[in-house]
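Everything on this sheet refers to the single structure shown next.
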Amino acid sequence: MFLKSISSLTTAATFAYLIILGSVPTLKANNIAEIAKNEPSLSFLNTILNSPGYEQFAKLLSSDGNYTVFAPNDNAFKAITASGFDGNNKTLVSAVLKYHVVAKKYTSKDFKKDTITLVPTLLNDTLVNLSTNQYQEVKINSTSNGILVNNAKIIKADVSATNGVIHIIDTVLVPPSPPSKVAQDNGLSELVNALKIANLTTTVDGLKGVTIFAPTNEAFKDAKADTLNSTQLAGILKIHVINRILYSTDLKEGDVFQSLGDKNETLKISVSEKNIVTVNGSPVSLTDVLTSNGVVHVITKVITKGSGEAVKDNSITNQTTSENGSNSSNSSNSSNPVSIVSMGLLFGSFVITFAGHLLF
């Protein structure tokens with residue numbers, strides 16, 4: 001017993017001596033790329049990072065910084081491959097990869113329960129129609145059943161890295177579609193039909209950085225929109241569009257915005273004590289439906305001509321189409337600190353066979 005105590009004291013003394021000399025070896029923490037290499041469920045992602053043509057992307061995830069990576073697990077990659085995803089389309093693949101990386105560290109504690117948080121990714125040049133300093137967002141929804149990133153669920157959160165954090169997700173994030181496709185996917189068939197009749201589908205899909213207040217099918221029926229000719233319908237539809245991205249956090253009481261309709265067709269935002277948002281009296285029933293060129297908010301009444309406030313000097317909220325876009329603190333439209341690094345990083349052919357499966 002005495003000898004054992006002497007041995008323990010000697011070990012402790014030796015350790016203390018090494019600390020004084022600064023000679024104690026320290027465990028090396030891993031960066032995001034290294035974690036992807038060592039995490040069994042991220043073998044597909046690791047294969048991507050070590051593929052020819054993707055050295056710059058691997059370098060980014062190995063570099064100093066504070067990144068958040070929403071990393072699809074192997075099953076997520078297998079599922080999108082089986083769905084017919086065009087892995088030979090290098091532009092598409094590059095955009096998808098950018099859409100999983102955020103130039104800021106977000107842990108799960110940053111996502112408040114029952115609150116929508118919009119987070120900017122690195123995607124701003126391909127598959128989107130945004131201004132230079134605007135970045136496509138992902139929508140984080142923290143619920144009692146877990147945290148959702150768009151339609152993907154975080155199945156392993158807060159994997160800490162020296163240069164940020166990884167959240168492992170069960171679905172590959174696909175960048176949002178143009179407004180007409182988003183409307184169709186969300187059951188807004190009357191809006192889709194109205195755009196076709198008014199010959200505005202291509203125009204609306206081609207707009208850059210916009211907010212669309214989309215009436216429900218019932219709203220179009222109540223407004224007897226089917227009785228309008230194409231010119232009348234076009235005039236009504238343009239009132240529902242603002243030439244600026246406004247997420248739900250940007251919809252403030254009393255703000256007035258010029259629509260794409262006639263000069264005097266403005267949109268006034270009202271917010272009740274119960275936090276119910278209306279636009280020219282039309283209640284907003286669903287917010288923050290992301291599109292390739294901005295955002296859609298669904299409303300329950302069609303906004304008619306003459307329902308806005310008359311234009312007065314300085315009465316319209318500052319909405320010049322700027323490079324900074326939305327003023328939301330959760331918005332992607334502030335300058336992204338890694339935009340120069342990320343531009344052009346992810347281009348190159350990407351056809352990989354992994355475990356007998358074609359990966360992208």
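In the structure tokens, each chain is lettered A, B, ... as it comes, each chain's residues begin at 1, and ligands are numbered from 1 in order of appearance.
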
So that I can see what lies close to Val101 in chain A, please list as a count of residues only the residues with an atom at most 10 Å from it, counting only C-alpha atoms and leaving out residues fewer than 6 positions away in the same chain. 13

Residues near Ser177 in chain A, cut-off 9 Å, only C-alpha atoms, skip fewer than 3 positions along chain, as a count of residues only: 10

Counting only C-alpha atoms, the residue among A:Val172, A:Ile299, A:Ile155, A:Ala36 that lies closest to Lys78 in chain A is A:Val172

Considering only C-alpha atoms, return as a ChimeraX atom specification whatever protein or nucleic-acid residues lie within 12 Å of range 240-242 of chain A, sequence-local ones (same chain, fewer than 4 positions apart) excluded. /A:179,191,195,200,203-205,207-215,233-236,246-247,256-262,265-268,279-280,282,293-299,301-305,307-308,317,319-321,325-326

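Of the listed residues A:Asp288, A:Glu273, A:Glu253, A:Asp64, the one whose atoms come nearest to Ala161 in chain A is A:Asp64, with distances taken using only C-alpha atoms.
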
re CA of Lys109 in chain A and CA of Ile147 in chain A: distance 10.6 Å

Assign secondary structure with DSSP using the backbone only, and return the residues of range 1-204 of chain A in strand (DSSP E or B) as a PyMOL selection string. chain A and resi 67-72+101-102+113+116-120+137-143+146-149+152-161+164-169

Only C-alpha atoms, please: the residues just picked out, written as a PDB file, in the first residue's frame.
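Contents of selection_39.pdb, freshly written:
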ATOM      1  CA  TYR A  67     -19.163  27.402 -39.983  1.00  0.00           C
ATOM      2  CA  THR A  68     -22.362  25.462 -39.609  1.00  0.00           C
ATOM      3  CA  VAL A  69     -22.713  22.424 -41.838  1.00  0.00           C
ATOM      4  CA  PHE A  70     -26.011  20.611 -42.203  1.00  0.00           C
ATOM      5  CA  ALA A  71     -24.510  17.281 -43.194  1.00  0.00           C
ATOM      6  CA  PRO A  72     -26.760  14.699 -44.879  1.00  0.00           C
ATOM      7  CA  VAL A 101     -23.060  25.418 -45.422  1.00  0.00           C
ATOM      8  CA  VAL A 102     -23.562  28.555 -43.326  1.00  0.00           C
ATOM      9  CA  LYS A 113     -38.558  26.304 -29.802  1.00  0.00           C
ATOM     10  CA  ILE A 116     -38.873  30.010 -37.308  1.00  0.00           C
ATOM     11  CA  THR A 117     -35.252  31.041 -37.831  1.00  0.00           C
ATOM     12  CA  LEU A 118     -33.983  31.937 -41.291  1.00  0.00           C
ATOM     13  CA  VAL A 119     -30.295  31.300 -41.874  1.00  0.00           C
ATOM     14  CA  PRO A 120     -28.195  32.311 -44.912  1.00  0.00           C
ATOM     15  CA  GLU A 137     -31.853  30.861 -46.833  1.00  0.00           C
ATOM     16  CA  VAL A 138     -32.690  27.669 -45.034  1.00  0.00           C
ATOM     17  CA  LYS A 139     -35.643  27.679 -42.671  1.00  0.00           C
ATOM     18  CA  ILE A 140     -35.049  26.262 -39.195  1.00  0.00           C
ATOM     19  CA  ASN A 141     -38.104  25.184 -37.217  1.00  0.00           C
ATOM     20  CA  SER A 142     -37.521  23.944 -33.679  1.00  0.00           C
ATOM     21  CA  THR A 143     -40.496  21.827 -32.618  1.00  0.00           C
ATOM     22  CA  GLY A 146     -37.112  17.918 -33.074  1.00  0.00           C
ATOM     23  CA  ILE A 147     -35.419  20.530 -35.231  1.00  0.00           C
ATOM     24  CA  LEU A 148     -36.273  20.757 -38.916  1.00  0.00           C
ATOM     25  CA  VAL A 149     -34.078  22.353 -41.576  1.00  0.00           C
ATOM     26  CA  ALA A 152     -34.900  17.650 -43.202  1.00  0.00           C
ATOM     27  CA  LYS A 153     -34.693  16.594 -39.571  1.00  0.00           C
ATOM     28  CA  ILE A 154     -31.575  17.004 -37.470  1.00  0.00           C
ATOM     29  CA  ILE A 155     -30.854  13.503 -36.156  1.00  0.00           C
ATOM     30  CA  LYS A 156     -27.566  14.343 -34.459  1.00  0.00           C
ATOM     31  CA  ALA A 157     -26.980  17.914 -33.334  1.00  0.00           C
ATOM     32  CA  ASP A 158     -23.990  19.914 -32.148  1.00  0.00           C
ATOM     33  CA  VAL A 159     -21.069  17.828 -33.357  1.00  0.00           C
ATOM     34  CA  SER A 160     -18.414  20.319 -32.308  1.00  0.00           C
ATOM     35  CA  ALA A 161     -15.449  21.138 -34.534  1.00  0.00           C
ATOM     36  CA  GLY A 164     -17.697  25.373 -36.271  1.00  0.00           C
ATOM     37  CA  VAL A 165     -20.359  22.752 -35.824  1.00  0.00           C
ATOM     38  CA  ILE A 166     -22.024  19.934 -37.723  1.00  0.00           C
ATOM     39  CA  HIS A 167     -25.684  18.974 -37.526  1.00  0.00           C
ATOM     40  CA  ILE A 168     -26.330  15.625 -39.182  1.00  0.00           C
ATOM     41  CA  ILE A 169     -29.621  15.584 -41.125  1.00  0.00           C
TER      42      ILE A 169
END

Which distance in Å separates CA of Leu188 in chain A and CA of Ile245 in chain A, to one decimal? 20.3 Å

Restricting the calculation to only C-alpha atoms: of A:Gly281, A:Ala219, A:Gly306, A:Thr287, which residue gets closest to Asn264 in chain A?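 Under the stated criterion, the closest residue is A:Gly306.
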
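Proximity of A:Glu55, A:Ile32, A:Ala95, A:Arg244 to Ser131 in chain A, computed with only C-alpha atoms, is greatest for A:Arg244.
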
If you run DSSP on this backbone, which residues of range 64-305 of chain A come out as alpha helix (DSSP H), and could you give them as a ChimeraX atom specification? /A:74-82,90-98,179-185,189-197,201-206,217-222,230-239

I need the chosen residues saved as an mmCIF file, in the first residue's frame, with C-alpha atoms.
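Written output follows (part.cif):
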data_model
loop_
_atom_site.group_PDB
_atom_site.id
_atom_site.type_symbol
_atom_site.label_atom_id
_atom_site.label_comp_id
_atom_site.auth_asym_id
_atom_site.auth_seq_id
_atom_site.Cartn_x
_atom_site.Cartn_y
_atom_site.Cartn_z
ATOM 1 C CA ASP A 74 -25.445 8.249 -45.976
ATOM 2 C CA ASN A 75 -29.125 7.283 -46.182
ATOM 3 C CA ALA A 76 -29.991 10.816 -47.293
ATOM 4 C CA PHE A 77 -27.510 10.632 -50.164
ATOM 5 C CA LYS A 78 -28.767 7.185 -51.165
ATOM 6 C CA ALA A 79 -32.352 8.464 -51.206
ATOM 7 C CA ILE A 80 -31.665 11.443 -53.460
ATOM 8 C CA THR A 81 -29.623 9.243 -55.785
ATOM 9 C CA ALA A 82 -32.529 6.802 -56.052
ATOM 10 C CA LYS A 90 -22.067 19.839 -62.006
ATOM 11 C CA THR A 91 -23.907 23.149 -61.606
ATOM 12 C CA LEU A 92 -26.753 21.477 -59.758
ATOM 13 C CA VAL A 93 -24.462 19.433 -57.517
ATOM 14 C CA SER A 94 -22.371 22.476 -56.643
ATOM 15 C CA ALA A 95 -25.439 24.494 -55.703
ATOM 16 C CA VAL A 96 -26.759 21.707 -53.489
ATOM 17 C CA LEU A 97 -23.459 21.500 -51.611
ATOM 18 C CA LYS A 98 -23.363 25.251 -51.015
ATOM 19 C CA PRO A 179 -42.472 30.886 -57.488
ATOM 20 C CA SER A 180 -44.806 29.160 -59.965
ATOM 21 C CA LYS A 181 -43.442 25.728 -59.005
ATOM 22 C CA VAL A 182 -43.562 26.597 -55.293
ATOM 23 C CA ALA A 183 -47.190 27.690 -55.694
ATOM 24 C CA GLN A 184 -48.057 24.441 -57.421
ATOM 25 C CA ASP A 185 -46.278 22.367 -54.768
ATOM 26 C CA SER A 189 -53.525 26.055 -58.101
ATOM 27 C CA GLU A 190 -55.698 29.156 -58.613
ATOM 28 C CA LEU A 191 -52.604 31.357 -58.433
ATOM 29 C CA VAL A 192 -50.788 29.134 -60.900
ATOM 30 C CA ASN A 193 -53.758 29.347 -63.268
ATOM 31 C CA ALA A 194 -54.064 33.121 -62.832
ATOM 32 C CA LEU A 195 -50.390 33.614 -63.693
ATOM 33 C CA LYS A 196 -50.872 31.604 -66.874
ATOM 34 C CA ILE A 197 -53.966 33.540 -67.940
ATOM 35 C CA THR A 201 -45.547 33.037 -65.135
ATOM 36 C CA THR A 202 -42.182 33.598 -66.806
ATOM 37 C CA THR A 203 -42.085 37.220 -65.628
ATOM 38 C CA VAL A 204 -42.714 36.379 -61.968
ATOM 39 C CA ASP A 205 -40.292 33.444 -61.999
ATOM 40 C CA GLY A 206 -37.650 35.714 -63.499
ATOM 41 C CA ASN A 217 -57.613 29.169 -53.824
ATOM 42 C CA GLU A 218 -60.635 30.222 -51.767
ATOM 43 C CA ALA A 219 -59.498 33.849 -51.907
ATOM 44 C CA PHE A 220 -59.412 33.789 -55.719
ATOM 45 C CA LYS A 221 -62.869 32.216 -55.840
ATOM 46 C CA ASP A 222 -64.306 34.760 -53.393
ATOM 47 C CA SER A 230 -55.946 38.766 -68.756
ATOM 48 C CA THR A 231 -55.204 42.493 -68.509
ATOM 49 C CA GLN A 232 -57.355 42.982 -65.428
ATOM 50 C CA LEU A 233 -55.920 39.884 -63.812
ATOM 51 C CA ALA A 234 -52.341 41.014 -64.505
ATOM 52 C CA GLY A 235 -53.092 44.361 -62.853
ATOM 53 C CA ILE A 236 -54.374 42.611 -59.728
ATOM 54 C CA LEU A 237 -51.521 40.104 -59.521
ATOM 55 C CA LYS A 238 -48.822 42.781 -59.746
ATOM 56 C CA ILE A 239 -50.220 44.432 -56.613
#
